[in-house]
$ cat work.cif   # mmCIF, C-alpha atoms
data_coords
loop_
_atom_site.label_atom_id
_atom_site.label_comp_id
_atom_site.auth_asym_id
_atom_site.auth_seq_id
_atom_site.Cartn_x
_atom_site.Cartn_y
_atom_site.Cartn_z
CA MET A 661 -54.59 -14.88 -28.57
CA GLU A 662 -56.87 -17.50 -30.14
CA LYS A 663 -56.18 -21.03 -28.97
CA MET A 664 -54.85 -23.55 -31.51
CA LEU A 665 -55.37 -26.88 -29.74
CA THR A 666 -58.18 -28.73 -27.98
CA VAL A 667 -57.62 -31.83 -25.88
CA LEU A 668 -60.61 -34.11 -26.47
CA VAL A 669 -61.14 -36.74 -23.76
CA ALA A 670 -63.40 -39.48 -25.18
CA GLN A 671 -64.97 -41.63 -22.48
CA TYR A 672 -67.50 -44.39 -21.91
CA ARG A 673 -68.35 -45.59 -18.38
CA PRO A 674 -65.09 -44.04 -17.18
CA ASP A 675 -63.32 -45.26 -14.10
CA PRO A 676 -63.34 -42.15 -11.86
CA GLN A 677 -59.73 -42.58 -10.76
CA ALA A 678 -58.42 -43.16 -14.28
CA LEU A 679 -60.39 -40.14 -15.51
CA ARG A 680 -58.99 -37.97 -12.69
CA ARG A 681 -55.44 -39.00 -13.62
CA THR A 682 -56.06 -38.08 -17.25
CA LEU A 683 -57.33 -34.67 -16.14
CA ALA A 684 -54.35 -34.34 -13.79
CA SER A 685 -51.99 -34.79 -16.73
CA LEU A 686 -53.74 -31.78 -18.32
CA ALA A 687 -53.59 -29.74 -15.12
CA MET A 688 -49.85 -30.39 -14.81
CA GLN A 689 -49.13 -28.68 -18.14
CA ALA A 690 -46.82 -25.68 -18.11
CA THR A 691 -49.35 -23.78 -20.23
CA ARG A 692 -53.05 -23.02 -20.14
CA ASP A 693 -53.14 -22.16 -23.83
CA PHE A 694 -55.48 -25.01 -24.76
CA ALA A 695 -59.14 -25.95 -24.61
CA VAL A 696 -60.72 -29.13 -23.28
CA VAL A 697 -63.74 -31.04 -24.54
CA LEU A 698 -65.10 -33.93 -22.47
CA ALA A 699 -66.95 -36.36 -24.73
CA ASP A 700 -69.16 -39.06 -23.22
CA ASP A 701 -70.70 -41.97 -25.10
CA GLY A 702 -73.98 -42.44 -23.23
CA SER A 703 -72.58 -43.36 -19.81
CA PRO A 704 -74.99 -43.49 -16.86
CA GLN A 705 -72.52 -41.28 -14.94
CA PRO A 706 -70.23 -39.12 -17.08
CA PHE A 707 -68.78 -37.15 -14.11
CA PHE A 708 -69.00 -33.92 -16.11
CA GLU A 709 -69.67 -31.60 -13.20
CA GLU A 710 -66.97 -33.17 -11.05
CA SER A 711 -64.44 -33.01 -13.90
CA LYS A 712 -65.21 -29.40 -14.79
CA ALA A 713 -65.08 -28.30 -11.14
CA TRP A 714 -61.75 -30.04 -10.57
CA LEU A 715 -60.21 -28.56 -13.73
CA ALA A 716 -61.46 -25.11 -12.76
CA GLY A 717 -59.70 -25.52 -9.44
CA GLN A 718 -56.50 -26.14 -11.39
CA GLY A 719 -56.95 -22.98 -13.46
CA ILE A 720 -58.40 -24.67 -16.56
CA HIS A 721 -61.68 -22.94 -17.44
CA ASP A 722 -62.04 -23.42 -21.20
CA VAL A 723 -63.86 -26.73 -20.79
CA GLN A 724 -66.94 -28.01 -22.61
CA ALA A 725 -68.84 -31.26 -22.08
CA VAL A 726 -70.71 -33.05 -24.85
CA ALA A 727 -72.73 -36.21 -24.25
CA MET A 728 -74.28 -38.79 -26.53
CA VAL A 729 -77.80 -39.65 -25.38
CA GLN A 730 -77.28 -43.30 -26.31
CA ASN A 731 -74.08 -45.27 -26.63
CA GLY A 732 -72.91 -45.04 -30.23
CA GLY A 733 -69.27 -46.10 -30.15
CA THR A 734 -66.02 -44.18 -30.17
CA VAL A 735 -66.29 -42.95 -33.76
CA ARG A 736 -69.68 -41.34 -33.21
CA ASN A 737 -68.68 -40.06 -29.78
CA ILE A 738 -65.66 -38.17 -31.10
CA LEU A 739 -67.56 -36.99 -34.17
CA ASN A 740 -70.33 -35.66 -31.94
CA ALA A 741 -67.80 -33.91 -29.70
CA LEU A 742 -66.03 -32.22 -32.61
CA GLN A 743 -69.01 -29.86 -32.87
CA ALA A 744 -67.72 -28.25 -29.65
CA VAL A 745 -64.12 -27.95 -30.89
CA ASN A 746 -63.30 -24.43 -32.07
CA THR A 747 -59.56 -24.85 -32.58
CA ARG A 748 -57.72 -25.88 -35.75
CA TRP A 749 -56.16 -28.93 -34.08
CA VAL A 750 -57.43 -31.56 -31.69
CA LEU A 751 -55.52 -34.07 -29.55
CA THR A 752 -57.40 -37.22 -28.51
CA LEU A 753 -57.12 -39.08 -25.20
CA SER A 754 -59.22 -41.51 -23.18
CA PRO A 755 -59.44 -41.98 -19.40
CA GLY A 756 -56.37 -43.90 -18.31
CA ASP A 757 -54.19 -42.36 -21.02
CA TYR A 758 -52.16 -39.30 -20.09
CA LEU A 759 -50.06 -36.52 -21.54
CA TYR A 760 -46.47 -37.61 -20.96
CA ASP A 761 -45.11 -34.73 -18.89
CA ALA A 762 -45.65 -31.08 -17.97
CA ASP A 763 -44.03 -29.82 -21.17
CA THR A 764 -46.01 -31.98 -23.61
CA LEU A 765 -48.58 -29.38 -24.67
CA PRO A 766 -46.06 -26.50 -24.84
CA TRP A 767 -43.99 -28.75 -27.09
CA TRP A 768 -46.99 -29.64 -29.27
CA LEU A 769 -47.89 -25.98 -29.66
CA GLU A 770 -44.37 -25.26 -30.90
CA GLN A 771 -44.67 -28.00 -33.53
CA LEU A 772 -48.09 -26.79 -34.66
CA ARG A 773 -46.78 -23.27 -35.16
CA ALA A 774 -43.64 -24.46 -36.95
CA ASP A 775 -44.93 -27.33 -39.10
CA ALA A 776 -48.74 -27.05 -39.26
CA PRO A 777 -49.15 -30.84 -39.62
CA ARG A 778 -52.45 -32.22 -40.83
CA VAL A 779 -52.13 -35.33 -38.68
CA ALA A 780 -49.22 -36.12 -36.37
CA PHE A 781 -48.04 -38.61 -33.78
CA GLY A 782 -45.22 -38.84 -31.26
CA ARG A 783 -43.90 -41.72 -29.22
CA GLN A 784 -45.92 -43.49 -26.55
CA ALA A 785 -44.85 -44.85 -23.19
CA TYR A 786 -46.92 -47.94 -22.41
CA TYR A 787 -47.66 -48.69 -18.77
CA THR A 788 -49.57 -51.15 -16.61
CA PRO A 789 -51.86 -49.49 -14.03
CA GLY A 790 -52.15 -50.25 -10.35
CA PRO A 791 -51.03 -48.86 -6.99
CA ASP A 792 -47.48 -48.85 -8.34
CA PRO A 793 -47.87 -48.10 -12.08
CA THR A 794 -45.02 -49.47 -14.15
CA PRO A 795 -43.75 -48.68 -17.66
CA ALA A 796 -44.29 -51.67 -19.96
CA PRO A 797 -42.94 -52.78 -23.34
CA GLY A 798 -44.89 -51.25 -26.22
CA GLU A 799 -44.79 -48.83 -29.10
CA THR A 800 -46.50 -48.23 -32.43
CA PRO A 801 -45.75 -48.33 -35.25
CA PHE A 802 -43.05 -51.00 -35.48
CA ASP A 803 -41.58 -49.41 -38.61
CA ARG A 804 -41.15 -45.67 -38.07
CA THR A 805 -38.67 -45.16 -40.92
CA PRO A 806 -41.10 -44.32 -43.77
CA TYR A 807 -42.50 -41.44 -41.69
CA ASP A 808 -39.05 -39.80 -41.50
CA PRO A 809 -39.66 -36.23 -42.72
CA ALA A 810 -36.37 -36.29 -44.64
CA ARG A 811 -37.27 -39.49 -46.52
CA TYR A 812 -41.05 -39.64 -46.35
CA ASP A 813 -42.37 -42.71 -48.19
CA ALA A 814 -46.15 -42.52 -48.71
CA ARG A 815 -46.29 -45.81 -50.63
CA THR A 816 -44.57 -47.79 -47.87
CA ILE A 817 -46.72 -46.11 -45.21
CA LYS A 818 -49.88 -47.18 -47.01
CA ARG A 819 -48.55 -50.72 -47.38
CA ASN A 820 -47.60 -50.93 -43.69
CA LEU A 821 -50.93 -49.58 -42.49
CA LEU A 822 -53.19 -51.55 -44.80
CA LEU A 823 -51.33 -54.82 -45.36
CA TYR A 824 -48.70 -55.31 -42.67
CA ASP A 825 -50.86 -54.55 -39.64
CA ASP A 826 -48.43 -51.87 -38.51
CA GLY A 827 -50.87 -49.30 -37.20
CA ILE A 828 -50.46 -46.15 -35.15
CA SER A 829 -52.12 -45.82 -31.76
CA GLY A 830 -54.76 -43.11 -31.58
CA CYS A 831 -53.67 -42.22 -28.03
CA GLY A 832 -52.35 -38.67 -28.04
CA MET A 833 -52.58 -38.20 -31.81
CA VAL A 834 -53.06 -34.67 -33.12
CA TYR A 835 -55.35 -33.98 -36.09
CA GLU A 836 -56.63 -30.99 -37.95
CA ARG A 837 -60.18 -30.78 -36.66
CA ASP A 838 -61.83 -30.60 -40.09
CA LEU A 839 -59.70 -33.43 -41.47
CA LEU A 840 -60.70 -35.73 -38.60
CA LYS A 841 -64.33 -34.69 -38.87
CA GLY A 842 -64.46 -35.58 -42.55
CA ALA A 843 -62.91 -38.99 -41.92
CA LEU A 844 -65.24 -39.86 -39.05
CA GLU A 845 -68.28 -38.75 -41.05
CA MET A 846 -67.25 -41.26 -43.71
CA MET A 847 -66.63 -44.00 -41.13
CA ALA A 848 -69.71 -43.45 -38.93
CA GLY A 849 -72.27 -46.20 -39.27
CA ARG A 850 -69.63 -48.62 -40.51
CA VAL A 851 -66.75 -48.49 -38.03
CA ARG A 852 -67.83 -48.21 -34.42
CA LEU A 853 -64.83 -48.28 -32.09
CA ALA A 854 -61.62 -47.76 -34.08
CA GLU A 855 -61.45 -44.02 -34.66
CA ASP A 856 -57.71 -44.35 -35.27
CA PHE A 857 -58.48 -46.22 -38.51
CA ALA A 858 -58.92 -42.68 -39.83
CA VAL A 859 -55.12 -42.64 -40.23
CA ARG A 860 -55.37 -45.57 -42.66
CA LEU A 861 -57.92 -43.60 -44.64
CA PHE A 862 -55.52 -40.66 -44.72
CA ALA A 863 -52.81 -42.95 -46.10
CA VAL A 864 -55.11 -43.92 -48.97
CA GLN A 865 -56.05 -40.28 -49.55
CA GLY A 866 -52.40 -39.22 -49.62
CA VAL A 867 -52.61 -37.02 -46.53
CA PRO A 868 -49.10 -36.58 -45.03
CA ILE A 869 -48.71 -38.21 -41.62
CA THR A 870 -46.10 -36.40 -39.53
CA ARG A 871 -43.86 -38.31 -37.14
CA TYR A 872 -42.19 -36.82 -34.09
CA ASP A 873 -39.70 -38.62 -31.88
CA ARG A 874 -40.63 -37.05 -28.55
CA LEU A 875 -42.55 -39.03 -25.94
CA THR A 876 -45.99 -37.43 -25.84
CA SER A 877 -48.35 -39.83 -24.04
CA TRP A 878 -48.73 -42.62 -21.53
CA TYR A 879 -50.85 -45.45 -22.92
CA GLU A 880 -52.65 -47.77 -20.51
CA TYR A 881 -51.85 -51.26 -21.73
CA GLY A 882 -54.27 -54.14 -21.26
CA ALA A 883 -57.57 -52.34 -20.65
CA GLY A 884 -58.60 -50.79 -23.99
CA VAL A 885 -60.44 -52.15 -26.99
CA SER A 886 -57.18 -52.78 -28.84
CA THR A 887 -55.16 -54.44 -26.06
CA ASN A 888 -57.76 -56.47 -24.17
CA GLU A 889 -57.63 -60.01 -25.55
CA THR A 890 -61.39 -60.45 -25.42
CA ALA A 891 -61.88 -57.35 -27.54
CA ARG A 892 -59.50 -58.37 -30.32
CA GLN A 893 -62.26 -60.22 -32.14
CA ARG A 894 -64.37 -57.07 -32.15
CA MET A 895 -61.46 -55.13 -33.58
CA ALA A 896 -61.08 -57.70 -36.37
CA ALA A 897 -64.70 -57.02 -37.29
CA GLU A 898 -63.95 -53.29 -37.17
CA TRP A 899 -61.06 -53.77 -39.58
CA GLN A 900 -63.25 -55.75 -41.96
CA ALA A 901 -65.79 -52.92 -41.94
CA MET A 902 -63.03 -50.39 -42.62
CA VAL A 903 -61.55 -52.41 -45.49
CA GLU A 904 -64.98 -52.79 -47.08
CA LEU A 905 -65.54 -49.04 -46.75
CA LEU A 906 -62.19 -48.32 -48.38
CA GLN A 907 -62.98 -50.79 -51.15
CA GLU A 908 -66.25 -48.98 -51.87
CA ARG A 909 -64.70 -45.51 -51.79
CA TYR A 910 -61.41 -46.28 -53.52
CA PRO A 911 -62.05 -49.37 -55.68
CA SER A 912 -59.15 -48.66 -58.03
CA ASP A 913 -56.51 -48.30 -55.30
CA PRO A 914 -54.27 -51.38 -55.62
CA THR A 915 -53.28 -51.50 -51.94
CA VAL A 916 -56.92 -51.33 -50.86
CA ARG A 917 -57.75 -54.19 -53.22
CA LEU A 918 -54.85 -56.25 -51.88
CA ALA A 919 -55.97 -55.59 -48.28
CA ARG A 920 -59.46 -56.83 -49.12
CA ALA A 921 -58.06 -59.95 -50.76
CA TYR A 922 -55.52 -60.62 -48.01
CA PHE A 923 -57.67 -60.21 -44.93
CA PHE A 924 -61.11 -61.11 -46.26
CA ASN A 925 -60.70 -62.98 -49.54
CA ASP A 926 -63.67 -64.83 -50.96
CA ARG A 927 -64.93 -67.41 -48.43
CA ARG A 928 -66.52 -69.37 -51.27
CA LYS A 929 -63.05 -70.48 -52.33
CA ASN A 930 -61.53 -73.51 -50.63
CA ARG A 931 -59.12 -73.08 -47.76
CA LEU A 932 -56.06 -73.96 -49.85
CA VAL A 933 -56.80 -71.24 -52.39
CA ARG A 934 -57.55 -68.69 -49.67
CA GLY A 935 -54.32 -69.53 -47.91
CA LEU A 936 -52.37 -69.23 -51.14
CA VAL A 937 -53.88 -65.79 -51.80
CA GLY A 938 -52.82 -64.62 -48.36
CA ARG A 939 -49.28 -65.96 -48.64
CA LEU A 940 -48.72 -64.40 -52.04
CA ILE A 941 -49.86 -60.93 -50.95
CA VAL A 942 -48.00 -60.77 -47.62
CA PRO A 943 -45.31 -63.48 -47.54
CA GLN A 944 -44.78 -64.43 -43.92
CA ASN A 945 -41.11 -65.15 -44.60
CA ALA A 946 -40.53 -61.66 -46.00
CA PRO A 947 -37.84 -59.72 -44.07
CA PHE A 948 -40.38 -57.19 -42.80
CA LYS A 949 -42.70 -59.84 -41.36
CA LYS A 950 -39.83 -61.76 -39.80
CA ALA A 951 -38.51 -58.60 -38.16
CA GLN A 952 -42.01 -57.58 -37.07
CA ARG A 953 -42.62 -60.93 -35.36
CA ALA A 954 -39.20 -60.96 -33.69
CA TRP A 955 -39.39 -57.35 -32.51
CA GLN A 956 -39.23 -56.69 -28.79
CA PRO A 957 -40.94 -53.32 -28.22
CA PRO A 958 -38.99 -50.89 -26.05
CA VAL A 959 -39.92 -49.86 -22.54
CA ASN A 960 -40.32 -46.10 -22.88
CA GLY A 961 -40.90 -43.46 -20.27
CA ASN A 962 -39.65 -42.31 -16.90
CA ALA A 963 -41.59 -44.02 -14.12
CA GLU A 964 -41.20 -40.95 -11.90
CA LYS A 965 -43.17 -38.86 -14.42
CA LEU A 966 -45.94 -41.48 -14.35
CA ARG A 967 -46.03 -41.51 -10.55
CA ALA A 968 -46.20 -37.71 -10.54
CA ILE A 969 -49.47 -37.91 -12.49
CA TYR A 970 -50.89 -40.33 -9.94
CA ALA A 971 -49.81 -38.04 -7.11
CA ALA A 972 -51.32 -34.96 -8.77
CA ALA A 973 -54.63 -36.77 -9.26
CA ALA A 974 -54.80 -37.64 -5.57
CA ARG A 975 -54.79 -33.99 -4.52
CA PRO A 976 -58.17 -32.35 -3.78
#
$ encode --input "work.cif" --output "structure tokens"
Amino acid sequence: MEKMLTVLVAQYRPDPQALRRTLASLAMQATRDFAVVLADDGSPQPFFEESKAWLAGQGIHDVQAVAMVQNGGTVRNILNALQAVNTRWVLTLSPGDYLYDADTLPWWLEQLRADAPRVAFGRQAYYTPGPDPTPAPGETPFDRTPYDPARYDARTIKRNLLLYDDGISGCGMVYERDLLKGALEMMAGRVRLAEDFAVRLFAVQGVPITRYDRLTSWYEYGAGVSTNETARQRMAAEWQAMVELLQERYPSDPTVRLARAYFFNDRRKNRLVRGLVGRLIVPQNAPFKKAQRAWQPPVNGNAEKLRAIYAAAARP
């Protein structure tokens, strides 16, 4: 039977132990009905041969490796790797992020057969790494209600993603391969690191975004481009590039225009006027913003499942 899903591991200068744990979370799956693509972004040592040999020893043989000659950023790395994806759907991970448990991929395959989502996300379990890895507070998005399949609200989703900074983590997301490819082709050359901004493009395009309430991934908190404090400034520049791209492509979309005005309104205006523009578009005393600021993210995930991944990675 033809495979439906590819797990794409996008890496740059990967930590060998974190990479092995990510591969271990694949090897632990209760199915082998998936493909793997290892995508490297110009690292001096991509560990391709080691990774492929270890996966083969775990019974995973449908593995391809695709390397960028020079570092080009996450968007170009994943776009380049999609040429090796032959399945309808692709699930994206990075070294240090893991499939949640042994039944994650069997569960995803059931959802793909039943629902055929164009883009979908589950719940994440955040964790802090170390000799004794520990689940940590964290989850995206804050407001999951508009994604409820029974009461799907595309307008609110677009508002939350573009104006209220209520994004969805790209860790463990599942996309139709061709849908993701088209988005990254549009973003390449403008957005470098934030491939998950593709979801915000989908919201503007009216592509349904499917929510599931199962835990599907472990997300390493504190080391990535979106959680490392030093990298936040880079991500702000990424968001500006994405907003400008959306403005060019969809100039008549009112939410896109508001996002441009809110985040990057005309710097020629004085600070008072700029501040007034921002406050009028997204009032900070609005119930949503108050709740968002006061929210204490849950601690998701069973620590024993996380430790099992570490243990599996330590085996030869």
$ residues_around --input "work.cif" --residues "segment 743-759 of chain A" --least-positions-apart "3" --cutoff "7 Å" --atoms "all atoms listed in the file" --output "mmCIF file with C-alpha atoms, keeping the file's coordinate frame"
data_model
loop_
_atom_site.group_PDB
_atom_site.id
_atom_site.type_symbol
_atom_site.label_atom_id
_atom_site.label_comp_id
_atom_site.auth_asym_id
_atom_site.auth_seq_id
_atom_site.Cartn_x
_atom_site.Cartn_y
_atom_site.Cartn_z
ATOM 1 C CA LYS A 663 -56.180 -21.030 -28.970
ATOM 2 C CA MET A 664 -54.850 -23.550 -31.510
ATOM 3 C CA LEU A 665 -55.370 -26.880 -29.740
ATOM 4 C CA THR A 666 -58.180 -28.730 -27.980
ATOM 5 C CA VAL A 667 -57.620 -31.830 -25.880
ATOM 6 C CA LEU A 668 -60.610 -34.110 -26.470
ATOM 7 C CA VAL A 669 -61.140 -36.740 -23.760
ATOM 8 C CA ALA A 670 -63.400 -39.480 -25.180
ATOM 9 C CA GLN A 671 -64.970 -41.630 -22.480
ATOM 10 C CA PRO A 674 -65.090 -44.040 -17.180
ATOM 11 C CA ALA A 678 -58.420 -43.160 -14.280
ATOM 12 C CA LEU A 679 -60.390 -40.140 -15.510
ATOM 13 C CA ARG A 681 -55.440 -39.000 -13.620
ATOM 14 C CA THR A 682 -56.060 -38.080 -17.250
ATOM 15 C CA SER A 685 -51.990 -34.790 -16.730
ATOM 16 C CA LEU A 686 -53.740 -31.780 -18.320
ATOM 17 C CA ASN A 740 -70.330 -35.660 -31.940
ATOM 18 C CA THR A 764 -46.010 -31.980 -23.610
ATOM 19 C CA CYS A 831 -53.670 -42.220 -28.030
ATOM 20 C CA GLY A 832 -52.350 -38.670 -28.040
ATOM 21 C CA MET A 833 -52.580 -38.200 -31.810
ATOM 22 C CA VAL A 834 -53.060 -34.670 -33.120
ATOM 23 C CA TYR A 835 -55.350 -33.980 -36.090
ATOM 24 C CA GLU A 836 -56.630 -30.990 -37.950
ATOM 25 C CA ARG A 837 -60.180 -30.780 -36.660
ATOM 26 C CA THR A 876 -45.990 -37.430 -25.840
ATOM 27 C CA SER A 877 -48.350 -39.830 -24.040
ATOM 28 C CA TRP A 878 -48.730 -42.620 -21.530
ATOM 29 C CA TYR A 879 -50.850 -45.450 -22.920
ATOM 30 C CA GLU A 880 -52.650 -47.770 -20.510
#
$ residues_around --input "work.cif" --residues "segment 722-732 of chain A" --least-positions-apart "2" --cutoff "6 Å" --atoms "all atoms listed in the file" --output "PDB file with C-alpha atoms, in the coordinates of the input"
ATOM      1  CA  ALA A 695     -59.140 -25.950 -24.610  1.00  0.00           C
ATOM      2  CA  VAL A 696     -60.720 -29.130 -23.280  1.00  0.00           C
ATOM      3  CA  VAL A 697     -63.740 -31.040 -24.540  1.00  0.00           C
ATOM      4  CA  LEU A 698     -65.100 -33.930 -22.470  1.00  0.00           C
ATOM      5  CA  ALA A 699     -66.950 -36.360 -24.730  1.00  0.00           C
ATOM      6  CA  ASP A 700     -69.160 -39.060 -23.220  1.00  0.00           C
ATOM      7  CA  ASP A 701     -70.700 -41.970 -25.100  1.00  0.00           C
ATOM      8  CA  GLY A 702     -73.980 -42.440 -23.230  1.00  0.00           C
ATOM      9  CA  ARG A 736     -69.680 -41.340 -33.210  1.00  0.00           C
ATOM     10  CA  ALA A 741     -67.800 -33.910 -29.700  1.00  0.00           C
TER      11      ALA A 741
END
$ atom_distance --input "work.cif" --atom1 "atom CA of Glu662 of chain A" --atom2 "atom CA of Leu769 of chain A"
12.4 Å
$ residues_around --input "work.cif" --residues "Asp808 of chain A" --least-positions-apart "6" --cutoff "9 Å" --atoms "all atoms listed in the file" --output "number ranges by chain"
A: 870-872
$ closest_residue --input "work.cif" --among "A:Pro801, A:Pro795, A:Pro806, A:Pro704" --to "Trp955 of chain A" --atoms "all atoms listed in the file"
A:Pro801
$ closest_residue --input "work.cif" --among "A:Ala776, A:Val867, A:Ala796, A:Leu765" --to "Pro958 of chain A" --atoms "only C-alpha atoms"
A:Ala796
$ resolve_selection --input "work.cif" --expression "the PyMOL selection byres ((chain A and resi 969) around 10)" --output "ChimeraX atom specification"
/A:680-688,758-762,964-968,970-974
$ closest_residue --input "work.cif" --among "A:Ala901, A:Gly827, A:Pro976, A:Lys818" --to "Asp913 of chain A" --atoms "only C-alpha atoms"
A:Lys818
$ resolve_selection --input "work.cif" --expression "the PyMOL selection byres ((chain A and resi 906) around 12)" --output "MDAnalysis selection string"
chainID A and resid 822 843 846:847 850:851 857:858 860:865 899:905 907:920
$ atom_distance --input "work.cif" --atom1 "atom CA of Asp856 of chain A" --atom2 "atom CA of Ala897 of chain A"
14.6 Å
$ resolve_selection --input "work.cif" --expression "the PyMOL selection byres ((chain A and resi 798) around 10)" --output "number ranges by chain"
A: 784-787, 795-797, 799-802, 879, 881, 956-960
$ write_last_selection --input "work.cif" --atoms "C-alpha atoms" --output "PDB file, in the coordinates of the input"
ATOM      1  CA  GLN A 784     -45.920 -43.490 -26.550  1.00  0.00           C
ATOM      2  CA  ALA A 785     -44.850 -44.850 -23.190  1.00  0.00           C
ATOM      3  CA  TYR A 786     -46.920 -47.940 -22.410  1.00  0.00           C
ATOM      4  CA  TYR A 787     -47.660 -48.690 -18.770  1.00  0.00           C
ATOM      5  CA  PRO A 795     -43.750 -48.680 -17.660  1.00  0.00           C
ATOM      6  CA  ALA A 796     -44.290 -51.670 -19.960  1.00  0.00           C
ATOM      7  CA  PRO A 797     -42.940 -52.780 -23.340  1.00  0.00           C
ATOM      8  CA  GLU A 799     -44.790 -48.830 -29.100  1.00  0.00           C
ATOM      9  CA  THR A 800     -46.500 -48.230 -32.430  1.00  0.00           C
ATOM     10  CA  PRO A 801     -45.750 -48.330 -35.250  1.00  0.00           C
ATOM     11  CA  PHE A 802     -43.050 -51.000 -35.480  1.00  0.00           C
ATOM     12  CA  TYR A 879     -50.850 -45.450 -22.920  1.00  0.00           C
ATOM     13  CA  TYR A 881     -51.850 -51.260 -21.730  1.00  0.00           C
ATOM     14  CA  GLN A 956     -39.230 -56.690 -28.790  1.00  0.00           C
ATOM     15  CA  PRO A 957     -40.940 -53.320 -28.220  1.00  0.00           C
ATOM     16  CA  PRO A 958     -38.990 -50.890 -26.050  1.00  0.00           C
ATOM     17  CA  VAL A 959     -39.920 -49.860 -22.540  1.00  0.00           C
ATOM     18  CA  ASN A 960     -40.320 -46.100 -22.880  1.00  0.00           C
TER      19      ASN A 960
END
$ atom_distance --input "work.cif" --atom1 "atom CA of Tyr672 of chain A" --atom2 "atom CA of Ser703 of chain A"
5.6 Å
